[in-house]
Structure formats: structure tokens, C-alpha cells
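One structure is given below, encoded as C-alpha cells.
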Amino acid sequence: MANGKFVISLDFELMWGVRDKKNKDNYGKNILGVHTVIPGLLKTFENHQVKATFSTVGFLFLENKDQFNQHIPDVLPDYTDKNLSPYLGHINQVEDVATIDPYHFAPQLIKLIQQCPDHEISTHTYSHYYCLEPGQTPAAFKADLQEAITVAGKFGIKLESLIFPRNQFNKQYLEVCAGLGISSYRGNEHSWIYKAKNAEEENLFRRMFRLADAYINISGHNVYSDDFMAAEFPVNIPSSRFLRPYIPSLKSFENIRLQRILKGMSYAAKNNKTYHLWWHPHNFGTEQEENFNFLEKILNHYDRLNKEFQFESITMTGLAKKLRDGK
């Protein structure tokens with residue numbers, strides 16, 4: 001490929017990815033906001049002719065609790081921390097049908113994304129599967145992914161890319177992914193502060209460095225060459241930058257945060273590399289005006305890079321196909 005690539009991926013999970021699933025008071029507004037954020041994102045992406053990969057938890061395809069009970073994988077995760085399993089309690093927090101439970105089901109939003117064929121709907125696993133937590137196994141992961149493929153298939157969607165929940169990349173699962181038709185995944189940045197770890201191994205020190213890295217260049221631009229990404233299968237399309245949400249107390253540093261992203265994009269465009277930006281739709285769930293204004297500045301910069309350097313917006317599967325075909 002003769003030009004750099006711009007990849008956007010969104011981890012679409014609603015309440016299934018929130019650490020304290022019983023507590024809607026602290027994060028419920030963000031989750032409810034997703035139902036206006038998704039239409040807003042689709043409109044914004046259309047205005048800039050940007051393609052995105054919506055990596056979707058399989059539960060979101062379901063219409064009601066009956067379907068939940070009909071689509072239970074053959075092998076369930078046996079996490080040491082039983083609170084992580086949605087099959088052992090969290091389901092009791094779920095209402096009977098999607099129309100009265102905007103926290104856990106989102107079939108209408110998925111159908112809305114489908115109306116924009118430039119975008120990709122990929123998988124964030126079926127149950128927001130934790131690939132590094134004690135008790136996870138390849139057999140349970142495979143059963144989980146097979147169920148995600150089944151429910152997406154009912155929407156006419158073929159899943160071809162995957163994003164590991166909480167970025168818990170597990171190399172031993174790549175063979176499972178390849179066997180089920182997954183051609184690419186989002187790996188982590190190549191820095192010790194982004195190395196995949198489970199909840200017990202994570203610590204405040206690393207989180208502080210990641211926050212600082214959003215403003216100060218600690219880990220580098222994190223852009224990737226075609227040769228690097230094409231060196232393995234499934235294709236690894238690592239993250240460049242997490243688009244952190246607007247924080248009122250850090251308002252004075254917003255331009256610094258913006259420049260951190262824009263400089264990375266420019267470097268990728270000028271050096272024929274790939275820049276991969278990601279976030280969760282619920283990150284935009286509150287302070288929506290500020291978050292969308294920030295995104296608009298990023299996409300305006302993309303427009304300039306596209307015009308000057310042919311910097312190309314592409315989905316994860318689209319990029320994986322180009323890399324495999326050598327185009």
C-alpha cells in the first residue's frame with residue numbers, strides 16, 4: 001500500500017463492560033447516552049466519509065431475556081471471580097425485553113449501523129469474555145465466540161474481526177479466532193504501560209502513566225507498518241491511542257490532549273503507517289457536546305491528511321484484506 005491508513009474502532013458493550021454491573025447510579029447516564037451517541041457518530045462519520053469498526057458484544061443483538069436463555073454457550077466461563085460471569089447473577093439485573101432495558105440490549109442500534117454499509121460490525125466476544133482472568137479456558141472462549149457468530153448471523157452479519165474485552169489479549173486464542181473466520185484483531189500498544197494484564201495484575205501506577213500518556217508523549221506515536229501487521233494471522237492491527245472522554249477538571253489541557261492525537265495521525269500519514277484510534281460509545285454518553293466537538297477536530301485533521309497525503313480511512317477487516325492481498 002502506498003499510503004497511510006486511519007482505523008477507528010469502537011468497543012460497543014453497554015452495561016456488560018462496566019466493572020460494577022449492579023451499580024447503574026455511577027455510570028448509568030453514560031450507558032443511556034449511547035442511544036443518542038450512536039446516531040450522532042454515524043452522522044459525524046458520514047460527514048467526513050470515515051469508516052469505523054463497531055466491535056459489538058453479542059448480547060446486544062438479543063431482543064429479550066428469552067433469547068438470552070436460548071443462546072447460552074455449550075461451555076461457560078468458570079472464572080475464579082464469579083462476579084465476572086453474566087450467567088451467575090448479572091442476568092437477574094436484566095429486564096425482560098429490549099424496549100424496557102436500554103442498558104443490556106441494543107438490536108435497533110445494530111440495525112441502524114447496518115444501514116451504513118461503509119462501517120463494519122465486528123465482535124467484542126459474545127459475553128464480554130475476559131480472556132486473561134483466572135478460570136478462562138480456550139474451550140469456553142471458543143464456545144463464546146461461536147455464539148457471537150450465531151447471533152450476528154441472524155442479522156446477516158459475518159464477523160471477521162475481534163477486539164479483546166478490556167484489551168486482555170491472549171495469544172493462545174488466536175488459533176481459535178482463525179479457525180472461526182476471524183481475520184484480524186486489535187492488539188495493544190508496544191509499551192509496558194499497555195501490556196495486557198488481568199484485573200489482579202493491573203495497578204494504579206500503570207493507570208497513571210496511561211493517563212499521562214494521553215497528554216505527553218511517553219509511549220511514542222504507536223503507528224504500524226504494513227509489514228509488521230501482515231507478519232501474522234490473524235492480522236494484528238494494534239491500538240495507537242484511546243480517545244479519552246472529556247473531563248471538566250482537565251479542561252485546560254484539552255488542546256494538549258488533542259495535539260497528542262493529531263501529531264500521531266500526521267506522523268502515520270507522512271510515513272505510510274497505520275494509526276488506530278479507539279474508544280467506547282459510552283465514553284461520549286455524558287458531556288456529549290464537548291466530546292463530539294473534540295472528535296470533530298480530529299476528523300477535520302483527517303480530512304486535511306486525506307487530501308494532502310491520501311491518508312485513508314478503513315475498517316479493520318478492510319485493512320486486513322488489503323494486507324493479505326498485498327495492495
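Letters A, B, ... mark the chains of the C-alpha cells in the order given; residue numbers begin at 1 per chain; ligand numbers begin at 1, in order shown.
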Residues near Cys131 of chain A, anyone? I mean within 8 Å using only C-alpha atoms, not counting same-chain ones fewer than 6 positions away, as a PDB file with N, CA and C atoms, in the first residue's frame.
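Written out: part-v4.pdb:
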ATOM      1  N   THR A 137     -10.783 -20.426  29.762  1.00  0.00           N
ATOM      2  CA  THR A 137     -10.151 -21.530  29.039  1.00  0.00           C
ATOM      3  C   THR A 137     -10.392 -21.370  27.537  1.00  0.00           C
ATOM      4  N   PHE A 141     -13.797 -19.976  25.615  1.00  0.00           N
ATOM      5  CA  PHE A 141     -13.673 -18.862  24.676  1.00  0.00           C
ATOM      6  C   PHE A 141     -14.233 -19.246  23.312  1.00  0.00           C
ATOM      7  N   PHE A 164     -10.470  -7.717  21.935  1.00  0.00           N
ATOM      8  CA  PHE A 164     -10.495  -8.386  23.225  1.00  0.00           C
ATOM      9  C   PHE A 164     -11.039  -7.445  24.301  1.00  0.00           C
ATOM     10  N   PRO A 165     -12.077  -7.865  25.040  1.00  0.00           N
ATOM     11  CA  PRO A 165     -12.591  -7.030  26.127  1.00  0.00           C
ATOM     12  C   PRO A 165     -11.505  -6.657  27.124  1.00  0.00           C
ATOM     13  N   GLN A 168      -7.610  -7.500  27.037  1.00  0.00           N
ATOM     14  CA  GLN A 168      -6.947  -8.668  27.612  1.00  0.00           C
ATOM     15  C   GLN A 168      -6.550  -9.627  26.482  1.00  0.00           C
ATOM     16  N   PHE A 169      -5.570  -9.191  25.705  1.00  0.00           N
ATOM     17  CA  PHE A 169      -5.078 -10.010  24.597  1.00  0.00           C
ATOM     18  C   PHE A 169      -4.482 -11.313  25.121  1.00  0.00           C
ATOM     19  N   ASN A 170      -4.903 -12.410  24.507  1.00  0.00           N
ATOM     20  CA  ASN A 170      -4.421 -13.728  24.896  1.00  0.00           C
ATOM     21  C   ASN A 170      -3.967 -14.463  23.636  1.00  0.00           C
TER      22      ASN A 170
END
Quiz prompt | DSSP helix (DSSP H, G or I) residues within segment 10-215 of chain A, listed as number ranges by chain | solution = A: 14-17, 24-48, 58-61, 65-70, 82-84, 86-88, 90-93, 98-100, 107-114, 138-153, 165-167, 171-179, 192-194, 204-213
May I have a table of the residues of segment 179-272 of chain A lying at most 12 Å from segment 71-80 of chain A, giving each one's closest pair of atoms and their distance in Å to one decimal, counting only C-alpha atoms, ordered by chain and ascending residue number, as a tab-separated table?
residue	atom	partner	partner_atom	distance
A:Asn198	CA	A:Tyr79	CA	11.8
A:Ala199	CA	A:Thr80	CA	11.9
A:Glu200	CA	A:Thr80	CA	11.5
Exercise. Could you check which of A:Asp66, A:Glu289, A:Asp303, A:Glu296 is closest to Thr44 of chain A, using only C-alpha atoms?
Key: A:Glu296
Exercise. Do a neighbour search on Gly33 of chain A at 7 Å with only C-alpha atoms, toss out local chain neighbours closer than 2 positions, and write the hits as a ChimeraX atom specification.
Key: /A:29-31,35-37,282,285-286
Selection above as a file: C-alpha atoms, as a PDB file, in the first residue's frame:
ATOM      1  CA  LYS A  29     -26.131   8.051  32.382  1.00  0.00           C
ATOM      2  CA  ASN A  30     -23.172   7.154  30.177  1.00  0.00           C
ATOM      3  CA  ILE A  31     -24.857   3.911  29.128  1.00  0.00           C
ATOM      4  CA  HIS A  35     -28.629   5.546  22.363  1.00  0.00           C
ATOM      5  CA  THR A  36     -28.085   9.107  21.138  1.00  0.00           C
ATOM      6  CA  VAL A  37     -24.322   8.796  20.734  1.00  0.00           C
ATOM      7  CA  HIS A 282     -20.440   5.208  26.342  1.00  0.00           C
ATOM      8  CA  GLY A 285     -22.507   9.262  26.905  1.00  0.00           C
ATOM      9  CA  THR A 286     -22.223  12.414  29.008  1.00  0.00           C
TER      10      THR A 286
END
Quiz item: Near Glu147 of chain A, counting only C-alpha atoms, which residues have an atom at most 12 Å away, once you skip same-chain residues fewer than 4 positions from it, shown as a ChimeraX atom specification?
Solution: /A:57-59,61-62,67-68,70-76,123-129,140-143,151-154,159,180
Self-check item: Long-range neighbours of Thr56 of chain A as number ranges by chain, 7 Å cut-off, only C-alpha atoms, 5 positions minimum in chain
Solution: A: 11-13, 121-124
Could the residues in this selection be written to a file with N, CA and C atoms, as a PDB file, in the first residue's frame?
ATOM      1  N   ASP A  11     -15.574  -0.004  20.998  1.00  0.00           N
ATOM      2  CA  ASP A  11     -15.937  -1.158  21.814  1.00  0.00           C
ATOM      3  C   ASP A  11     -17.369  -0.949  22.306  1.00  0.00           C
ATOM      4  N   PHE A  12     -18.320  -1.578  21.644  1.00  0.00           N
ATOM      5  CA  PHE A  12     -19.745  -1.368  21.861  1.00  0.00           C
ATOM      6  C   PHE A  12     -20.249  -2.451  22.822  1.00  0.00           C
ATOM      7  N   GLU A  13     -20.476  -2.075  24.091  1.00  0.00           N
ATOM      8  CA  GLU A  13     -20.739  -3.089  25.108  1.00  0.00           C
ATOM      9  C   GLU A  13     -21.847  -2.754  26.087  1.00  0.00           C
ATOM     10  N   ILE A 121     -19.390  -4.173  11.469  1.00  0.00           N
ATOM     11  CA  ILE A 121     -19.795  -4.675  12.775  1.00  0.00           C
ATOM     12  C   ILE A 121     -18.953  -5.916  13.051  1.00  0.00           C
ATOM     13  N   SER A 122     -18.122  -5.820  14.070  1.00  0.00           N
ATOM     14  CA  SER A 122     -17.247  -6.931  14.425  1.00  0.00           C
ATOM     15  C   SER A 122     -17.628  -7.434  15.811  1.00  0.00           C
ATOM     16  N   THR A 123     -16.795  -8.265  16.411  1.00  0.00           N
ATOM     17  CA  THR A 123     -17.170  -8.847  17.698  1.00  0.00           C
ATOM     18  C   THR A 123     -16.267  -8.400  18.835  1.00  0.00           C
ATOM     19  N   HIS A 124     -16.921  -8.180  19.958  1.00  0.00           N
ATOM     20  CA  HIS A 124     -16.273  -7.891  21.232  1.00  0.00           C
ATOM     21  C   HIS A 124     -16.505  -9.089  22.159  1.00  0.00           C
TER      22      HIS A 124
END
Practice problem: Using only C-alpha atoms, find the one residue out of A:Gln136, A:Gln259, A:Asn272, A:Gln49 that sits nearest to Lys5 of chain A. | Solution: A:Asn272
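Relative to atom CA of Leu60 of chain A, atom CA of Ala106 of chain A is found at 4.8 Å.
Counting from atom CA of Ser55 of chain A, the distance to atom CA of Leu10 of chain A is 5.8 Å.
Closest approach to Pro117 of chain A from the set A:Tyr267, A:Trp278, A:Tyr87, A:Phe54 is made by A:Phe54, with distances taken over only C-alpha atoms.
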Quiz prompt | DSSP strand (DSSP E) selection over segment 123-218 of chain A, as a PyMOL selection string | solution = chain A and resi 123+161-162+184-185
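For the pair atom CA of His119 of chain A and atom CA of Gly156 of chain A, the separation is 14.3 Å.
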